Amino acid sequence: MSIGAEVPRDRAKRLLSGRGKFVDDIDLPRLLHLAFVRCPYAHASIGAIDGAEAMALPGVVAVLTAADLDAAVSSWRAAHKLFPGMAAPEQSALARGVARWQGEAVAGVLGESRALAEDGAERVSVDWQELPAVMDANQALAPEAPVLHGDMANNLAYTAEVTAGDTEAAFEAAAHVVEEHFRFHRHSGISLEPRGIIAEFEPGEGRLTVHQSHQTPHQQQDLYARLLGLPEHKVRVICPDVGGAFGLKHHLMADELVACAAARLLGRPVKFIADRLESFMADVHCRDHEVRARMAFSGSGEILALQVDDLFNAGAYGQYPRTSIAEGNQIMRLTGAPYGHGNYRAGLRMAFLNKSILGHIRSVGHPIACAVAERLVDLGAAALGLDPIAVRRQNYLQGDDFPRTSVGGVELENLSFNACLDKALEIIDMAQFRREQAELRARNVYRGIGIATFVELTAIGPEYYGEGGQHISAQETCLLRLEASGTIRCYTGATDQGQGIDTGIQQVVADGLGLAVPDVEVISGDSALCPMGGGSWGSRGAALAGEAAMRAATTLRRNILAIAGSLLQKNAADLTIEQGIVLDATTDSAHMAVSEIARIGHFQPYSIAEDVTADLTVVERYASRGRLFLAGNGLQIATVEVDMDTGIVTPLRHLVVHDCGRILNPLLVREQIRGGVVQGLGAALYEELRYDPAGHLLTGSFADYLVPMAGEMPDIEVAHIETPTETSALGAKGAGEAGTAGAVGAILNAVNDAISPFDASIAETPITPPRLLRALGRF
Amino acid sequence: MNAKSRRIALTVNGEAVAREVPVRLNLVDFLRHDLGFTGSHVGCEQGACGACTVLLDDQTVRGCLVLAVQADGCAVQTIEGTSNNDNGLMADLQEMFLSLNALQCGFCTPGMLLSAQELLRANPRPSREEIRDYLSGNFCRCTGYQAIVDAVAAVARARHEEPRP
């Protein structure tokens with residue numbers, strides 16, 4: 001069995017020698033380079049655009065504006081039928097008439113080199129009329145606020161509420177109520193490889209070929225076909241090596257569509273590679289939520305009710321095609337999900353304002369849902385004088401509570417909160433920490449410990465986008481080809497951005513067929529070659545594409561054994577395959593190699609009885625039914641030291657105990673979790689897209705926007721509980737959200753624990769030194 | 001040749017190269033787009049992320065902060081050069097990165113490897129803290145760094161136990 005083994009990744013060997021093939025590594029004959037003129041204001045009307053000076057530069061080939069693209073690209077509106085009434089203002093590939101955030105593209109300049117295109121972009125003049133900017137959701141919803149979109153009466157994009165039980169009554173009757181006002185600032189995915197695309201149009205065949213650093217080739221194929229008016233089978237999207245994605249690269253980005261349109265209009269291939277400044281300015285962003293929440297407790301620590309009010313913003317438009325609602329929706333549905341209370345009221349309000357668009361970035365909504373509930377639990381425990389761990393254990397859903405649909409409407413199959421906590425407390429000696437904490441405090445060293453329990457929503461089912469009207473596949477299909485030599489080509493709709501799903505699928509197929517792992521090659525990331533699938537996002541690869549691969553392997557194995565049975569004159573049911581050899585299932589005596597069956601199957605098919613299903617290429621699919629998500633769970637414990645003079649928080653020890661069901665490859669899962677934790681630590685302590693009141697981005701470089709580097713990061717211990725899902729044969733759940741989901745809550749609680757002797761608390765992330773000193777009354 | 005371009009001669013991965021280059025062209029763009037050595041990557045063009053790290057006369061530099069003309073007369077090594085079979089000085093490091101999965105997307109990896117190799121040459125027995133400190137100029141968004149630190153520490157131990165010829 002290779003499932004469960006630490007199998008290294010084939011792709012990694014290439015990447016380690018500098019032989020990766022990322023989009024910018026691809027060159028094509030007569031390639032043009034695209035650079036953008038982006039709006040320097042947060043909000044401005046666009047007057048005349050004059051490209052004459054740019055065009056006068058040798059090497060500048062074209063200057064394109066919205067008017068030039070009118071005939072080539074349709075505009076779009078990000079609507080979702082599950083959220084009726086959600087405002088979906090029209091967006092176009094280049095801003096038309098009004099630019100609504102600093103960094104929105106208004107013109108594209110094509111040049112013979114990137115440098116020449118950028119030279120040209122500097123020489124395009126635009127008659128800007130700066131308009132008043134709205135930079136905060138409260139301000140956006142105020143009656144006097146300037147309205148971003150002319151067809152809307154105000155900036156309110158959507159509002160929603162979920163309720164369960166009688167929340168008001170529960171709060172009134174409660175022995176204790178704690179409340180907090182949280183602020184989670186805006187950040188982004190910050191893949192090291194920026195977004196990039198090469199578009200090539202062949203006018204004779206009417207074929208658009210796109211190489212793109214992206215997570216979802218089939219989604220892009222559909223979108224480019226529809227928005228550019230091309231038949232879908234004439235659009236091919238290839239995702240080569242992708243240098244990190246984290247959700248950043250599974251949206252439609254307006255500037256990338258300009259590259260496609262330009263290639264078609266100009267008859268030459270076009271490359272666009274975002275630079276770091278335009279990545280900060282024009283990538284999708286995440287978070288930027290203001291949450292007011294309160295939790296009601298009985299005198300003995302039982303959680304009685306939870307109320308959550310989330311105010312956030314979509315940025316200037318809804319993100320297409322997924323929309324920007326998911327983050328608020330996850331917070332509304334997921335907050336407090338580990339706990340068994342029956343009274344719940346959660347609401348969201350989403351505004352439009354003058355910032356880049358809010359998208360789906362790793363662990364959508366989870367870090368906030370987790371941090372809010374976990375902070376309230378700690379506040380409640382403190383108010384009641386109870387041990388915060390005991391309060392959690394007392395309130396965790398457990399045993400007979402499952403399966404259930406949470407008060408927020410999330411299906412929970414069988415989660416292992418207590419097992420995770422038990423495991424964590426085996427690893428971390430809380431009593432010892434408290435002793436050391438007390439000793440250190442006596443020496444003015446302030447350490448804290450924080451725990452955060454989370455539910456992780458993975459492997460979304462087809463109903464969410466199917467009912468929403470999006471052409472986004474939640475179904476996965478796997479095609480297996482037994483080559484004539486007995487090796488396997490496996491084509492999957494999942495994509496690999498480094499998380500290693502190619503290897504996980506390789507293991508599943510090898511085990512399913514009884515072959516060695518190196519005998520299986522996985523081919524992914526090509527919308528023309530690979531069966532239609534969703535790509536990789538939302539921790540769906542192992543659970544969905546893995547299950548489809550297992551089904552395909554099972555079918556191909558059945559065919560191989562049927563052929564073997566026919567050739568050997570034996571009952572196929574008495575045969576098995578191990579290490580590429582067909583064996584007698586009871587005696588283990590070897591009959592023939594799979595390679596021999598492959599050779600006969602392809603070249604001497606007449607040797608096989610006619611009634612045998614002898615297909616050597618098979619396709620199987622998997623789509624979940626009747627559930628929106630596959631929920632996993634886990635917890636994190638963080639310890640930190642806070643320097644009371646500087647406000648600097650140093651992460652010390654970090655533990656994750658995680659349950660993603662059956663683990664395909666612990667080597668991959670561990671680094672998924674650690675990488676996720678580090679992104680969560682970035683959100684908790686460093687990363688913030690800051691704007692000045694006029695809407696100018698203040699954090700346009702890595703000198704201003706701080707990302708976690710090796711020096712600040714702790715070692716991260718990872719332990720597993722395995723509760724396989726019973727909804728699939730493979731039993732795998734997703735694992736990509738967990739690290740990010742719990743880290744913010746764990747750090748927030750740890751910092752508050754550290755500063756608790758000062759009667760201070762903080763509920764704002766990132767916890768920067770100035771914010772922490774302010775919370776301590778020292779700044 | 002005009003004021004905006006200049007002829008340079010250098011060695012890249014051991015091979016002599018002579019080209020006329022725009023004076024504003026940075027070294028990593030020259031290596032990637034003029035010479036086809038695409039193993040060095042461009043992540044920020046501000047000297048912060050380390051993805052473009054290459055060796056200039058045996059010292060790591062940011063390929064985005066060095067102009068191609070500044071490499072005139074120098075010896076440049078990229079990940080492709082240091083990965084050659086006959087010059088596989090980092091083969092053990094690359095092998096350990098593979099077995100510990102010290103990379104995901106691989107975009108930072110060439111720079112990370114060159115920085116790690118430089119550290120191990122200068123300090124053959126670094127502590128974990130020293131490894132973390134030395135690699136703090138190389139941004140990795142995927143791994144969480146721990147496997148990278150583990151790999152460098154393991155190679156340091158192995159090189160110490162079995163001195164290489």
# chains A, B, ... in the order shown; residues from 1 in each chain; ligands from 1
call {"tool": "interface_residues", "arguments": {"of": "chain A", "to": "chain B", "cutoff": "6 Å", "atoms": "only C-alpha atoms", "output": "list in words"}}
result
Pro8, Leu15, Ser17, Gly18, Arg19, Asp25, Leu192, Glu193, Gly243, Gly244, Arg276, Gln497, Gly498, Gln499, Glu671, Arg674, Gly675, Val678, Met709, Ala710, Gly711 and Asp715 of chain A
call {"tool": "write_last_selection", "arguments": {"atoms": "C-alpha atoms", "output": "PDB file, in the first residue's frame"}}
result
ATOM      1  CA  PRO A   8       7.940  12.152  -2.337  1.00  0.00           C
ATOM      2  CA  LEU A  15      11.567  22.002  -9.475  1.00  0.00           C
ATOM      3  CA  SER A  17      16.910  21.624 -10.351  1.00  0.00           C
ATOM      4  CA  GLY A  18      15.440  24.829 -11.700  1.00  0.00           C
ATOM      5  CA  ARG A  19      13.589  22.973 -14.437  1.00  0.00           C
ATOM      6  CA  ASP A  25       9.290  30.738 -18.471  1.00  0.00           C
ATOM      7  CA  LEU A 192       5.357  34.186  -4.627  1.00  0.00           C
ATOM      8  CA  GLU A 193       4.768  33.780  -8.338  1.00  0.00           C
ATOM      9  CA  GLY A 243       4.031  29.176  -8.156  1.00  0.00           C
ATOM     10  CA  GLY A 244       1.575  29.170  -5.304  1.00  0.00           C
ATOM     11  CA  ARG A 276       4.488  42.912  -7.194  1.00  0.00           C
ATOM     12  CA  GLN A 497       0.035  24.068  -7.342  1.00  0.00           C
ATOM     13  CA  GLY A 498       2.623  22.403  -5.130  1.00  0.00           C
ATOM     14  CA  GLN A 499       0.326  20.866  -2.566  1.00  0.00           C
ATOM     15  CA  GLU A 671       3.477  20.647   5.058  1.00  0.00           C
ATOM     16  CA  ARG A 674       2.404  24.002   8.467  1.00  0.00           C
ATOM     17  CA  GLY A 675       2.221  26.243   5.434  1.00  0.00           C
ATOM     18  CA  VAL A 678       2.353  30.259   8.729  1.00  0.00           C
ATOM     19  CA  MET A 709       9.904  34.736   6.931  1.00  0.00           C
ATOM     20  CA  ALA A 710      11.844  31.777   8.339  1.00  0.00           C
ATOM     21  CA  GLY A 711      13.369  33.822  11.129  1.00  0.00           C
ATOM     22  CA  ASP A 715       8.609  25.034  14.585  1.00  0.00           C
TER      23      ASP A 715
END
call {"tool": "residues_around", "arguments": {"residues": "range 204-217 of chain A", "least_positions_apart": "2", "cutoff": "9 Å", "atoms": "only C-alpha atoms", "output": "CSV table (one decimal) with C-alpha atoms, in the first residue's frame"}}
result
chain,number,residue,atom,x,y,z
A,22,PHE,CA,6.1,28.5,-15.0
A,23,VAL,CA,4.1,30.8,-17.2
A,26,ILE,CA,7.3,30.2,-21.7
A,193,GLU,CA,4.8,33.8,-8.3
A,194,PRO,CA,2.5,36.6,-9.3
A,195,ARG,CA,-0.5,36.1,-11.6
A,196,GLY,CA,0.5,35.5,-15.2
A,197,ILE,CA,-1.0,34.5,-18.5
A,198,ILE,CA,0.0,34.0,-22.1
A,199,ALA,CA,-2.8,34.1,-24.6
A,200,GLU,CA,-2.4,32.9,-28.2
A,201,PHE,CA,-5.1,33.1,-30.9
A,202,GLU,CA,-5.1,31.1,-34.1
A,219,GLN,CA,-13.5,27.2,-15.3
A,220,GLN,CA,-11.3,29.5,-17.3
A,221,GLN,CA,-12.0,27.7,-20.5
A,222,ASP,CA,-15.8,28.2,-20.0
A,224,TYR,CA,-13.0,32.8,-21.9
A,225,ALA,CA,-15.3,31.0,-24.3
A,230,LEU,CA,-15.7,31.5,-28.8
A,231,PRO,CA,-16.9,27.9,-29.0
A,233,HIS,CA,-13.9,23.4,-27.6
A,234,LYS,CA,-11.8,26.0,-29.4
A,235,VAL,CA,-10.5,27.3,-26.1
A,236,ARG,CA,-7.7,25.5,-24.3
A,237,VAL,CA,-6.4,26.5,-21.0
A,238,ILE,CA,-3.1,25.0,-19.8
A,239,CYS,CA,-1.9,25.5,-16.3
A,240,PRO,CA,1.8,24.7,-16.2
A,241,ASP,CA,3.7,24.8,-12.9
A,242,VAL,CA,2.0,27.3,-10.7
A,243,GLY,CA,4.0,29.2,-8.2
A,244,GLY,CA,1.6,29.2,-5.3
A,245,ALA,CA,-2.1,30.0,-5.6
A,246,PHE,CA,-4.0,29.9,-2.2
A,247,GLY,CA,-7.2,30.8,-3.9
A,248,LEU,CA,-5.7,33.9,-5.5
A,249,LYS,CA,-5.7,32.1,-8.8
A,250,HIS,CA,-9.1,30.6,-9.1
A,251,HIS,CA,-11.0,33.7,-10.1
A,256,GLU,CA,-6.1,38.6,-17.7
A,260,CYS,CA,-6.9,37.2,-24.3
A,263,ALA,CA,-4.1,38.4,-28.6
A,264,ARG,CA,-7.2,38.0,-30.7
A,472,ILE,CA,-17.9,25.5,-11.7
A,493,GLY,CA,-9.5,17.5,-13.4
A,494,ALA,CA,-7.7,18.4,-10.2
A,495,THR,CA,-4.6,20.6,-10.5
A,496,ASP,CA,-1.4,20.8,-8.5
A,497,GLN,CA,0.0,24.1,-7.3
A,525,GLY,CA,-3.9,21.2,-15.6
A,526,ASP,CA,-5.0,21.1,-19.2
A,527,SER,CA,-8.5,21.8,-20.1
A,532,MET,CA,-13.8,18.3,-17.0
A,533,GLY,CA,-13.2,19.0,-13.3
A,534,GLY,CA,-13.0,21.8,-10.8
A,535,GLY,CA,-9.3,22.1,-10.4
A,536,SER,CA,-7.9,22.6,-6.9
A,537,TRP,CA,-9.4,24.9,-4.3
call {"tool": "closest_residue", "arguments": {"among": "A:Ser701, A:Ser416, A:Asn749, A:Gln475", "to": "Val372 in chain A", "atoms": "only C-alpha atoms"}}
result
A:Asn749
call {"tool": "residues_around", "arguments": {"residues": "Ser539 in chain A", "least_positions_apart": "2", "cutoff": "8 Å", "atoms": "only C-alpha atoms", "output": "list in words"}}
result
Thr458, Ala459, Ser536, Trp537, Gly541, Ala542, Ala543, Lys733, Gly734, Ala735, Gly736 and Glu737 of chain A
call {"tool": "atom_distance", "arguments": {"atom1": "CA of Arg226 in chain A", "atom2": "CA of Ala67 in chain A"}}
result
19.1 Å
call {"tool": "residues_around", "arguments": {"residues": "Leu379 in chain A", "least_positions_apart": "4", "cutoff": "7 Å", "atoms": "only C-alpha atoms", "output": "ChimeraX atom specification"}}
result
/A:178,375,383
call {"tool": "atom_distance", "arguments": {"atom1": "CA of Gln470 in chain A", "atom2": "CA of Lys81 in chain A"}}
result
8.9 Å
call {"tool": "residues_around", "arguments": {"residues": "range 593-604 of chain A", "least_positions_apart": "2", "cutoff": "7 Å", "atoms": "only C-alpha atoms", "output": "MDAnalysis selection string"}}
result
chainID A and resid 482:486 564 580:582 606:607
call {"tool": "residues_around", "arguments": {"residues": "Gly380 in chain A", "least_positions_apart": "5", "cutoff": "12 Å", "atoms": "only C-alpha atoms", "output": "number ranges by chain"}}
result
A: 174-180, 294-306, 373-375, 385-392
call {"tool": "write_last_selection", "arguments": {"atoms": "C-alpha atoms", "output": "mmCIF file, in the first residue's frame"}}
result
data_model
loop_
_atom_site.group_PDB
_atom_site.id
_atom_site.type_symbol
_atom_site.label_atom_id
_atom_site.label_comp_id
_atom_site.auth_asym_id
_atom_site.auth_seq_id
_atom_site.Cartn_x
_atom_site.Cartn_y
_atom_site.Cartn_z
ATOM 1 C CA ALA A 174 -27.989 33.616 30.890
ATOM 2 C CA ALA A 175 -25.861 33.775 34.020
ATOM 3 C CA HIS A 176 -23.057 35.464 32.103
ATOM 4 C CA VAL A 177 -22.767 37.180 28.778
ATOM 5 C CA VAL A 178 -19.469 38.121 27.175
ATOM 6 C CA GLU A 179 -19.095 40.254 24.115
ATOM 7 C CA GLU A 180 -16.358 41.566 21.897
ATOM 8 C CA ARG A 294 -21.571 37.857 22.154
ATOM 9 C CA MET A 295 -21.873 34.529 23.880
ATOM 10 C CA ALA A 296 -24.167 33.505 26.717
ATOM 11 C CA PHE A 297 -23.116 31.056 29.423
ATOM 12 C CA SER A 298 -24.770 29.250 32.274
ATOM 13 C CA GLY A 299 -23.122 29.578 35.651
ATOM 14 C CA SER A 300 -21.443 26.218 35.169
ATOM 15 C CA GLY A 301 -19.911 27.153 31.822
ATOM 16 C CA GLU A 302 -22.441 25.762 29.405
ATOM 17 C CA ILE A 303 -22.674 27.797 26.208
ATOM 18 C CA LEU A 304 -26.308 28.815 25.837
ATOM 19 C CA ALA A 305 -26.345 31.138 22.865
ATOM 20 C CA LEU A 306 -24.190 32.926 20.348
ATOM 21 C CA ALA A 373 -15.935 31.960 18.943
ATOM 22 C CA GLU A 374 -12.693 30.918 20.585
ATOM 23 C CA ARG A 375 -12.035 34.362 21.989
ATOM 24 C CA GLY A 385 -13.391 31.621 36.762
ATOM 25 C CA LEU A 386 -13.305 28.323 34.867
ATOM 26 C CA ASP A 387 -10.528 26.556 33.029
ATOM 27 C CA PRO A 388 -10.918 27.467 29.335
ATOM 28 C CA ILE A 389 -10.032 23.932 28.308
ATOM 29 C CA ALA A 390 -12.660 22.463 30.629
ATOM 30 C CA VAL A 391 -15.262 24.847 29.199
ATOM 31 C CA ARG A 392 -14.418 23.702 25.698
#
call {"tool": "residues_around", "arguments": {"residues": "Leu67 in chain B", "least_positions_apart": "6", "cutoff": "10 Å", "atoms": "only C-alpha atoms", "output": "PyMOL selection string"}}
result
chain B and resi 21-30
call {"tool": "write_last_selection", "arguments": {"atoms": "N, CA and C atoms", "output": "compact mmCIF listing (two decimals), in the first residue's frame"}}
result
# COMPACT_ATOMS: atom_id res chain seq x y z
N VAL B 21 23.57 44.37 -24.17
CA VAL B 21 22.35 44.41 -23.34
C VAL B 21 21.98 45.85 -23.03
N PRO B 22 20.70 46.14 -22.90
CA PRO B 22 20.30 47.46 -22.42
C PRO B 22 20.90 47.68 -21.03
N VAL B 23 21.35 48.87 -20.77
CA VAL B 23 21.99 49.11 -19.47
C VAL B 23 20.98 48.97 -18.32
N ARG B 24 19.70 49.12 -18.62
CA ARG B 24 18.72 49.02 -17.54
C ARG B 24 18.28 47.58 -17.27
N LEU B 25 18.75 46.66 -18.06
CA LEU B 25 18.32 45.26 -17.91
C LEU B 25 18.92 44.67 -16.64
N ASN B 26 18.08 44.09 -15.80
CA ASN B 26 18.66 43.49 -14.60
C ASN B 26 19.15 42.08 -14.89
N LEU B 27 19.98 41.59 -13.97
CA LEU B 27 20.68 40.34 -14.23
C LEU B 27 19.71 39.17 -14.38
N VAL B 28 18.68 39.15 -13.52
CA VAL B 28 17.80 37.97 -13.59
C VAL B 28 16.99 37.95 -14.89
N ASP B 29 16.58 39.12 -15.37
CA ASP B 29 15.89 39.14 -16.65
C ASP B 29 16.82 38.73 -17.79
N PHE B 30 18.08 39.16 -17.69
CA PHE B 30 19.08 38.76 -18.69
C PHE B 30 19.23 37.23 -18.69
call {"tool": "closest_residue", "arguments": {"among": "B:Cys52, B:Ala154, B:Leu35, B:Leu65", "to": "Arg19 in chain B", "atoms": "only C-alpha atoms"}}
result
B:Leu35
call {"tool": "select_by_dssp", "arguments": {"residues": "range 26-147 of chain B", "states": "strand (DSSP E or B)", "output": "PyMOL selection string"}}
result
chain B and resi 26+53-56+59-62+67+75-77
call {"tool": "atom_distance", "arguments": {"atom1": "CA of Val69 in chain B", "atom2": "CA of Arg7 in chain B"}}
result
7.9 Å
call {"tool": "select_by_dssp", "arguments": {"residues": "range 81-138 of chain B", "states": "alpha helix (DSSP H)", "output": "MDAnalysis selection string"}}
result
chainID B and resid 81:82 91:99 109:122 128:134
